[in-house]
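One file, work-v3.txt, carrying compact mmCIF, C-alpha atoms and all ligand atoms:
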# COMPACT_ATOMS: atom_id res chain seq x y z
CA MET Y 181 -79.32 37.14 233.81
CA ALA Y 182 -81.29 35.01 236.15
CA SER Y 183 -84.98 35.63 236.19
CA LEU Y 184 -86.32 37.78 238.93
CA ARG Y 185 -88.26 34.82 240.13
CA ALA Y 186 -85.11 32.81 240.47
CA ALA Y 187 -83.26 35.70 242.05
CA LEU Y 188 -85.86 36.57 244.65
CA GLY Y 189 -87.44 33.22 245.31
CA SER Y 190 -90.90 31.81 244.88
CA SER Y 191 -92.62 34.70 246.67
CA VAL Y 192 -92.21 36.92 243.61
CA ALA Y 193 -93.65 34.27 241.32
CA LEU Y 194 -96.59 33.73 243.61
CA CYS Y 195 -97.17 37.45 243.77
CA LEU Y 196 -97.11 37.69 240.01
CA LEU Y 197 -99.42 34.79 239.52
CA SER Y 198 -101.90 36.27 241.92
CA VAL Y 199 -101.70 39.60 240.10
CA THR Y 200 -102.14 38.15 236.66
CA GLY Y 201 -104.68 35.66 237.92
CA ALA Y 202 -103.12 32.79 236.02
CA TRP Y 203 -105.06 30.23 238.07
CA MET Y 204 -108.40 31.90 237.52
CA PRO Y 205 -110.74 31.09 234.61
CA VAL Y 206 -110.32 33.63 231.86
CA PRO Y 207 -112.77 34.95 229.29
CA ARG Y 208 -112.00 34.53 225.61
CA PRO Y 209 -109.25 37.07 224.96
CA ALA Y 210 -109.76 39.89 222.54
CA VAL Y 211 -106.61 40.02 220.50
CA MET Y 212 -105.34 41.97 217.56
CA PRO Y 213 -105.23 39.95 214.33
CA MET Y 214 -101.84 38.54 213.47
CA ALA Y 215 -101.82 40.83 210.45
CA ALA Y 216 -101.30 43.67 212.90
CA ALA Y 217 -97.91 42.26 213.84
CA ARG Y 218 -95.15 44.52 212.59
CA SER Y 219 -91.65 43.52 211.65
CA SER Y 220 -88.78 45.95 212.16
CA HIS Y 221 -86.40 44.45 209.59
CA ARG Y 222 -86.11 44.91 205.83
CA ALA Y 223 -85.06 42.34 203.24
CA SER Y 224 -82.21 44.57 202.05
CA ASP Y 225 -80.64 44.46 205.53
CA ILE Y 226 -80.33 40.70 205.32
CA ARG Y 227 -78.29 40.68 202.14
CA ALA Y 228 -75.56 42.82 203.69
CA GLU Y 229 -75.07 40.54 206.68
CA THR Y 230 -73.15 37.33 207.23
CA PRO Y 231 -75.48 34.42 208.11
CA PHE Y 232 -74.92 32.67 211.46
CA ARG Y 233 -75.68 29.32 209.79
CA THR Y 234 -75.82 28.07 206.24
CA ASP Y 235 -76.66 24.87 204.38
CA ASP Y 236 -76.91 23.80 200.74
CA GLN Y 237 -80.07 25.79 200.10
CA PHE Y 238 -80.45 28.53 202.70
CA ASP Y 239 -78.64 31.18 204.74
CA TYR Y 240 -79.96 31.75 208.29
CA PHE Y 241 -80.07 35.13 210.04
CA ARG Y 242 -81.04 36.20 213.57
CA ARG Y 243 -83.45 39.11 213.76
CA LYS Y 244 -85.41 41.05 216.37
CA LYS Y 245 -89.04 41.39 215.41
CA SER Y 246 -91.41 43.97 216.85
CA VAL Y 247 -94.98 42.72 217.43
CA SER Y 248 -98.07 44.55 218.75
CA VAL Y 249 -100.80 42.56 220.50
CA THR Y 250 -103.86 43.25 222.63
CA LEU Y 251 -104.64 40.75 225.38
CA SER Y 252 -107.31 40.43 228.04
CA LYS Y 253 -106.46 40.25 231.70
CA PRO Y 254 -105.50 38.00 233.31
CA LEU Y 255 -102.53 37.50 231.01
CA GLY Y 256 -101.19 34.45 232.82
CA ALA Y 257 -97.61 35.43 231.96
CA VAL Y 258 -94.73 34.99 234.38
CA LEU Y 259 -92.26 37.82 233.93
CA GLY Y 260 -88.56 38.03 234.70
CA GLU Y 261 -85.70 40.44 234.21
CA ALA Y 262 -84.31 40.71 230.68
CA ALA Y 263 -80.73 41.44 229.70
CA PRO Y 264 -79.44 44.10 229.48
CA ALA Y 265 -82.60 45.81 230.79
CA GLY Y 266 -86.36 45.54 230.96
CA VAL Y 267 -88.66 42.60 231.47
CA LYS Y 268 -89.32 39.45 229.44
CA ILE Y 269 -91.80 36.58 229.40
CA GLU Y 270 -90.38 33.72 231.47
CA GLU Y 271 -93.28 31.34 230.95
CA MET Y 272 -97.01 31.28 230.38
CA GLN Y 273 -99.62 29.72 232.58
CA GLU Y 274 -102.31 27.48 231.18
CA GLY Y 275 -105.64 29.30 230.98
CA GLY Y 276 -104.16 32.81 230.70
CA SER Y 277 -104.84 34.90 227.61
CA ALA Y 278 -101.13 34.87 226.73
CA ALA Y 279 -101.11 31.09 226.35
CA GLU Y 280 -104.65 30.83 224.99
CA SER Y 281 -104.12 33.33 222.21
CA GLY Y 282 -100.64 32.15 221.25
CA LEU Y 283 -99.66 35.77 220.71
CA LEU Y 284 -96.89 35.82 223.33
CA LYS Y 285 -93.92 33.50 223.41
CA LYS Y 286 -91.39 32.61 226.05
CA GLY Y 287 -88.47 35.04 225.79
CA ASP Y 288 -90.52 37.93 224.36
CA ARG Y 289 -89.32 41.25 225.78
CA LEU Y 290 -91.88 43.89 226.77
CA ILE Y 291 -91.25 47.16 224.93
CA GLU Y 292 -94.49 49.09 225.49
CA ILE Y 293 -97.57 48.83 227.70
CA LEU Y 294 -100.47 51.01 226.45
CA ASP Y 295 -97.98 53.01 224.34
CA ALA Y 296 -95.74 53.72 227.35
CA ASP Y 297 -92.10 52.74 226.87
CA VAL Y 298 -91.12 49.97 229.32
CA SER Y 299 -88.08 48.71 227.41
CA THR Y 300 -85.77 49.67 230.28
CA SER Y 301 -88.28 49.58 233.15
CA ASP Y 302 -87.70 47.41 236.20
CA PHE Y 303 -89.92 44.54 237.24
CA ASP Y 304 -91.89 46.42 239.89
CA SER Y 305 -92.70 49.29 237.52
CA VAL Y 306 -93.95 46.91 234.86
CA MET Y 307 -96.06 45.03 237.38
CA SER Y 308 -97.65 48.27 238.62
CA MET Y 309 -98.55 49.25 235.07
CA LEU Y 310 -100.11 45.87 234.38
CA ILE Y 311 -102.13 46.00 237.60
CA ASP Y 312 -103.43 49.48 236.76
CA ALA Y 313 -104.12 48.63 233.11
CA PRO Y 314 -107.71 48.20 231.88
CA GLU Y 315 -109.09 44.76 231.02
CA GLU Y 316 -107.77 45.02 227.46
CA VAL Y 317 -104.01 45.61 227.50
CA ALA Y 318 -102.15 46.71 224.39
CA LEU Y 319 -98.58 45.47 224.43
CA LYS Y 320 -95.63 45.87 222.14
CA ILE Y 321 -93.02 43.15 222.42
CA GLU Y 322 -89.67 42.37 220.85
CA ARG Y 323 -89.06 38.79 219.74
CA ASN Y 324 -85.91 37.01 218.56
CA VAL Y 325 -86.61 35.17 215.31
CA ILE Y 326 -84.59 33.22 212.77
CA ILE Y 327 -85.06 34.08 209.11
CA LYS Y 328 -83.88 31.87 206.28
CA LYS Y 329 -83.24 33.16 202.82
CA PRO Y 330 -82.59 31.09 199.69
CA LYS Y 331 -78.94 31.18 198.73
CA GLU Y 332 -77.96 33.32 195.81
CA VAL Y 333 -76.69 31.04 193.09
CA LYS Y 334 -73.85 32.70 191.24
CA PRO Y 335 -73.23 31.49 187.67
CA ASP Y 336 -69.88 29.85 186.96
CA PRO Y 337 -67.29 32.27 185.58
CA VAL Y 338 -66.38 32.12 181.89
CA LEU Y 339 -62.75 31.94 180.79
CA THR Y 340 -62.04 33.06 177.25
CA ILE Y 341 -58.62 32.39 175.75
CA LYS Y 342 -58.11 34.79 172.85
CA GLY Y 343 -57.69 32.80 169.64
CA GLY Y 344 -58.79 29.69 171.52
CA PRO Y 345 -61.73 28.22 173.36
CA SER Y 346 -64.16 29.83 175.80
CA GLY Y 347 -66.20 28.11 178.47
CA ASP Y 348 -67.48 27.83 182.03
CA VAL Y 349 -65.01 27.05 184.80
CA ALA Y 350 -65.44 26.34 188.49
CA MET Y 351 -65.28 29.37 190.78
CA GLY Y 352 -61.75 29.68 192.22
CA SER Y 353 -60.07 27.55 189.55
CA SER Y 354 -56.35 27.96 188.90
CA LEU Y 355 -55.83 29.97 185.71
CA ARG Y 356 -52.79 27.85 184.83
CA LEU Y 357 -54.51 24.48 185.23
CA THR Y 358 -57.62 25.69 183.41
CA ILE Y 359 -55.64 26.89 180.41
CA GLN Y 360 -53.72 23.61 180.32
CA SER Y 361 -56.88 21.52 180.53
CA SER Y 362 -58.38 23.50 177.62
CA GLY Y 363 -55.70 22.10 175.30
CA VAL Y 364 -54.13 25.52 174.67
CA ASP Y 365 -50.31 25.58 175.01
CA LEU Y 366 -49.45 27.82 177.95
CA TYR Y 367 -45.75 27.00 177.54
CA LYS Y 368 -43.91 27.21 174.25
CA GLY Y 369 -41.18 24.85 173.00
CA MET Y 370 -38.71 23.72 175.65
CA ASN Y 371 -40.62 25.70 178.30
CA LYS Y 372 -42.98 22.76 178.42
CA LEU Y 373 -40.16 20.80 180.02
CA THR Y 374 -38.41 23.49 182.00
CA ASN Y 375 -41.32 25.23 183.69
CA CYS Y 376 -41.51 25.02 187.47
CA GLY Y 377 -44.87 23.27 187.51
CA GLY Y 378 -46.72 26.14 189.11
CA ALA Y 379 -44.31 26.89 191.95
CA GLY Y 380 -43.95 30.55 191.00
CA GLN Y 381 -40.22 30.19 190.21
CA CYS Y 382 -39.89 30.26 186.42
CA SER Y 383 -42.08 33.14 185.17
CA LEU Y 384 -42.90 31.07 182.08
CA CYS Y 385 -46.67 31.06 182.70
CA MET Y 386 -47.31 34.74 182.06
CA VAL Y 387 -50.55 35.73 180.33
CA ASP Y 388 -51.95 39.06 179.22
CA VAL Y 389 -55.32 39.72 180.84
CA VAL Y 390 -57.37 41.42 178.11
CA GLU Y 391 -60.63 41.73 180.09
CA GLY Y 392 -61.81 41.04 183.60
CA SER Y 393 -58.58 41.55 185.53
CA GLU Y 394 -60.74 42.48 188.53
CA ASN Y 395 -62.18 38.96 188.41
CA LEU Y 396 -58.85 37.32 189.21
CA SER Y 397 -57.49 36.87 192.72
CA PRO Y 398 -55.19 39.70 193.90
CA LEU Y 399 -51.53 39.81 192.85
CA THR Y 400 -49.38 37.57 195.01
CA ALA Y 401 -46.04 38.68 196.48
CA VAL Y 402 -44.30 36.48 193.88
CA GLU Y 403 -46.10 38.29 191.05
CA GLN Y 404 -45.37 41.73 192.48
CA LYS Y 405 -41.70 40.85 192.33
CA ARG Y 406 -41.55 38.99 189.00
CA LEU Y 407 -43.95 41.23 187.06
CA ALA Y 408 -42.36 44.52 188.11
CA LYS Y 409 -40.98 45.21 184.63
CA LYS Y 410 -43.86 43.66 182.67
CA PRO Y 411 -46.97 45.40 181.31
CA PRO Y 412 -49.54 46.05 184.07
CA THR Y 413 -52.04 43.69 182.42
CA TYR Y 414 -49.75 40.65 182.84
CA ARG Y 415 -50.42 37.93 185.40
CA MET Y 416 -48.65 34.68 186.22
CA ALA Y 417 -51.23 32.00 185.45
CA CYS Y 418 -50.02 29.73 188.24
CA GLN Y 419 -50.68 32.45 190.83
CA ALA Y 420 -54.11 33.64 189.69
CA LEU Y 421 -57.47 32.16 190.63
CA ILE Y 422 -60.53 32.74 188.46
CA GLU Y 423 -63.33 34.45 190.40
CA GLY Y 424 -65.39 35.87 187.52
CA ASP Y 425 -65.48 36.27 183.74
CA VAL Y 426 -62.02 36.88 182.31
CA THR Y 427 -60.35 36.96 178.89
CA VAL Y 428 -56.64 36.23 178.53
CA GLU Y 429 -54.11 36.08 175.71
CA ILE Y 430 -51.04 33.89 175.72
CA PRO Y 431 -48.15 36.22 174.73
S1 LIG O 501 -45.41 27.92 186.23
FE1 LIG O 501 -43.51 28.67 186.90
S2 LIG O 501 -43.95 30.61 187.64
FE2 LIG O 501 -45.88 29.90 186.97
Since I need it in another form, could you write the structure as structure tokens?
Ligand code: FES
Amino acid sequence: MASLRAALGSSVALCLLSVTGAWMPVPRPAVMPMAAARSSHRASDIRAETPFRTDDQFDYFRRKKSVSVTLSKPLGAVLGEAAPAGVKIEEMQEGGSAAESGLLKKGDRLIEILDADVSTSDFDSVMSMLIDAPEEVALKIERNVIIKKPKEVKPDPVLTIKGGPSGDVAMGSSLRLTIQSSGVDLYKGMNKLTNCGGAGQCSLCMVDVVEGSENLSPLTAVEQKRLAKKPPTYRMACQALIEGDVTVEIP
């Protein structure tokens, strides 16, 4: 939404500046210590959410942070309409307590003035409250911030072949290719020559999943058809991806 200043023209801005006295010298502002700032989010909320950006080391999340500050008049803050409602800081004038203290930032949305809820108030109402406020004005604002959290590093899954080797494998590896690369014979006798090469057509790659069946990718449509009369612990190695620790036996 366009700022009120933009919507109504320069007269509004001039009015505001004269009210907040942005062009007047200001005394040293009395402000609340930064330690008084309060955050409305919890670390546990972040873990349950998909990051909007990610890199090799961090996941990035958008958050709204609630901050309480006390500033001296004149604030030197130019206000405009916020979306979907209320009023936000459009810019700060040099010499005002908002800019001098560094406690307000462009885009901050006013939530409370002297403990009165202004989160949905219109521009004129907010201006009236600021004009009537004492020299020291307690404000509560809402700020958009970006939080980065170190990525959780999951250990590689372990594949154990009963009667054979056990070791780490890359997450998402093909069960068939991993068994073959371990040196264990997945196919017996002539099946080594007649298997379909992982196309899901021969059913010669069946394994019995002894532990960790939940750590394999879900049954494919091919498996649902070809394993219908097999024990429920059987999987076709060419169809299954390893997503966690699993132990298999070659029947
Ligand atoms: S290798 Fe043929 S079905 Fe798996």
Counting all atoms listed in the file, give me one row per residue of chain Y with an atom at most 9 Å from an atom of ligand LIG 501 (chain O), showing the shortest contact pair and its distance in Å to one decimal, sorted by chain then residue number, as CSV.
residue,atom,partner,partner_atom,distance
Y:Arg356,CA,O:LIG501,S1,7.5
Y:Tyr367,CA,O:LIG501,S1,8.7
Y:Thr374,CA,O:LIG501,FE1,8.8
Y:Asn375,CA,O:LIG501,FE1,5.2
Y:Cys376,CA,O:LIG501,FE1,4.2
Y:Gly377,CA,O:LIG501,S1,4.9
Y:Gly378,CA,O:LIG501,S1,3.6
Y:Ala379,CA,O:LIG501,FE1,5.4
Y:Gly380,CA,O:LIG501,S2,3.4
Y:Gln381,CA,O:LIG501,S2,4.5
Y:Cys382,CA,O:LIG501,FE1,4.0
Y:Ser383,CA,O:LIG501,S2,4.0
Y:Leu384,CA,O:LIG501,FE1,5.4
Y:Cys385,CA,O:LIG501,FE2,4.5
Y:Met386,CA,O:LIG501,FE2,7.0
Y:Val402,CA,O:LIG501,S2,8.6
Y:Glu403,CA,O:LIG501,S2,8.7
Y:Arg406,CA,O:LIG501,S2,8.8
Y:Met416,CA,O:LIG501,FE2,5.6
Y:Ala417,CA,O:LIG501,FE2,5.9
Y:Cys418,CA,O:LIG501,FE2,4.3
Y:Gln419,CA,O:LIG501,FE2,6.7
*Name the closest residue to Pro330 of chain Y among the candidates Y:Glu429, Y:Asp348, Y:Asp235, Y:Glu280; distances are taken between atoms, counting all atoms listed in the file.*
Y:Asp235
_Shell of 10 Å around Leu355 of chain Y, all atoms listed in the file, local chain residues under 5 positions omitted, as an NGL selection string_ = :Y and (339 or 349 or 360-361 or 385 or 387 or 396-397 or 415-423 or 426 or 428)
*Pick from Y:Thr250, Y:Ser281, Y:Thr427, Y:Thr234: nearest to Gly343 of chain Y, with all atoms listed in the file counted?*
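Of Y:Thr250, Y:Ser281, Y:Thr427, Y:Thr234, the one nearest Gly343 of chain Y is Y:Thr427, counting all atoms listed in the file.
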*Between Y:Ala278, Y:Ala401, Y:Ile327, Y:Ile430, which is the closest to Lys253 of chain Y once you count only C-alpha atoms?*
Y:Ala278
